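Contents: one structure, followed by commentary.
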Amino acid sequence: MVNDQHGSPTLASDPAAALVHAAGRATQESAAWGAHHFCNAGETTWYGLAGAVADLDHRVAPSGKAAVYSVLDTSTWRPAFRMVPRPWREALDEVLCELT
């Protein structure tokens, strides 16, 4: 399982809700205009995400060939829209709860 590609797993409904929130706060006079990134807070690898979903069998080992870091910087989102993205593990727990 790939363990050198870092990202921020994001529940699809969270950016959708964030866009609705942002649309309600944005005005032409606000500092919210411009490009902003949104994703769930925190970072992990594919191996870490798989481990968070289910206990990995001891035969599954972390691997990697080309390190990738694709975590989005949400630092402008927070002050512009007064909204802090929730942690990706919290979003994952919500999904796992809905599936069980």
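How things are named: the first chain in the structure tokens is A, the next is B, and so on; residues count from 1 in each chain; ligands count from 1 in the order shown.
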
Looking only at strand (DSSP E) from DSSP on the backbone, list the matching residues of chain A as a VMD selection string. chain A and resid 5 to 7 44 to 45 68 to 69

Please produce a file of those selected residues containing N, CA and C atoms, as a compact mmCIF listing (two decimals), in the first residue's frame.
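New file result14.txt:
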```
# COMPACT_ATOMS: atom_id res chain seq x y z
N GLN A 5 2.65 9.04 -0.53
CA GLN A 5 1.82 10.04 -1.19
C GLN A 5 0.90 10.65 -0.15
N HIS A 6 1.19 11.87 0.22
CA HIS A 6 0.46 12.55 1.29
C HIS A 6 -0.65 13.43 0.72
N GLY A 7 -1.80 13.40 1.37
CA GLY A 7 -2.92 14.23 0.96
C GLY A 7 -3.88 14.42 2.12
N THR A 44 -2.64 12.51 5.58
CA THR A 44 -2.26 11.12 5.75
C THR A 44 -1.79 10.59 4.40
N THR A 45 -1.41 9.35 4.37
CA THR A 45 -1.05 8.67 3.13
C THR A 45 -2.18 7.69 2.78
N VAL A 68 5.09 12.05 -2.92
CA VAL A 68 4.19 13.08 -3.42
C VAL A 68 3.56 13.77 -2.22
N TYR A 69 3.54 15.10 -2.24
CA TYR A 69 2.92 15.87 -1.17
C TYR A 69 1.89 16.78 -1.81
```

Run DSSP on the backbone and tell me which residues of chain A come out as helix (DSSP H, G or I); list them as a PyMOL selection string. chain A and resi 13-25+46-53+77-81+88-99

Which polymer residues have any atom within 10 Å of an atom of Ala35 (chain A), counting only C-alpha atoms, with same-chain residues fewer than 2 positions away left out, as a PyMOL selection string? chain A and resi 32-33+37+76-77

Write the selection just made, keeping C-alpha atoms, as an mmCIF file, in the first residue's frame?
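This is the output file selection.cif:
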```cif
data_model
loop_
_atom_site.group_PDB
_atom_site.id
_atom_site.type_symbol
_atom_site.label_atom_id
_atom_site.label_comp_id
_atom_site.auth_asym_id
_atom_site.auth_seq_id
_atom_site.Cartn_x
_atom_site.Cartn_y
_atom_site.Cartn_z
ATOM 1 C CA ALA A 32 -13.041 36.566 0.479
ATOM 2 C CA TRP A 33 -12.587 37.207 -3.242
ATOM 3 C CA HIS A 37 -8.455 25.909 -1.189
ATOM 4 C CA THR A 76 -6.670 31.719 3.367
ATOM 5 C CA TRP A 77 -10.018 29.923 3.626
#
```

Figure out the distance between CA of Thr100 (chain A) and CA of Leu11 (chain A), please, to one decimal in Å.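 Taking CA of Leu11 (chain A) as the start and CA of Thr100 (chain A) as the end point, the length is 16.9 Å.
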
For Asn40 (chain A), which of A:Leu19, A:Met1, A:Leu92, A:Ala66 is the closest residue, counting only C-alpha atoms?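 With only C-alpha atoms as the atom set, the closest residue is A:Leu92.
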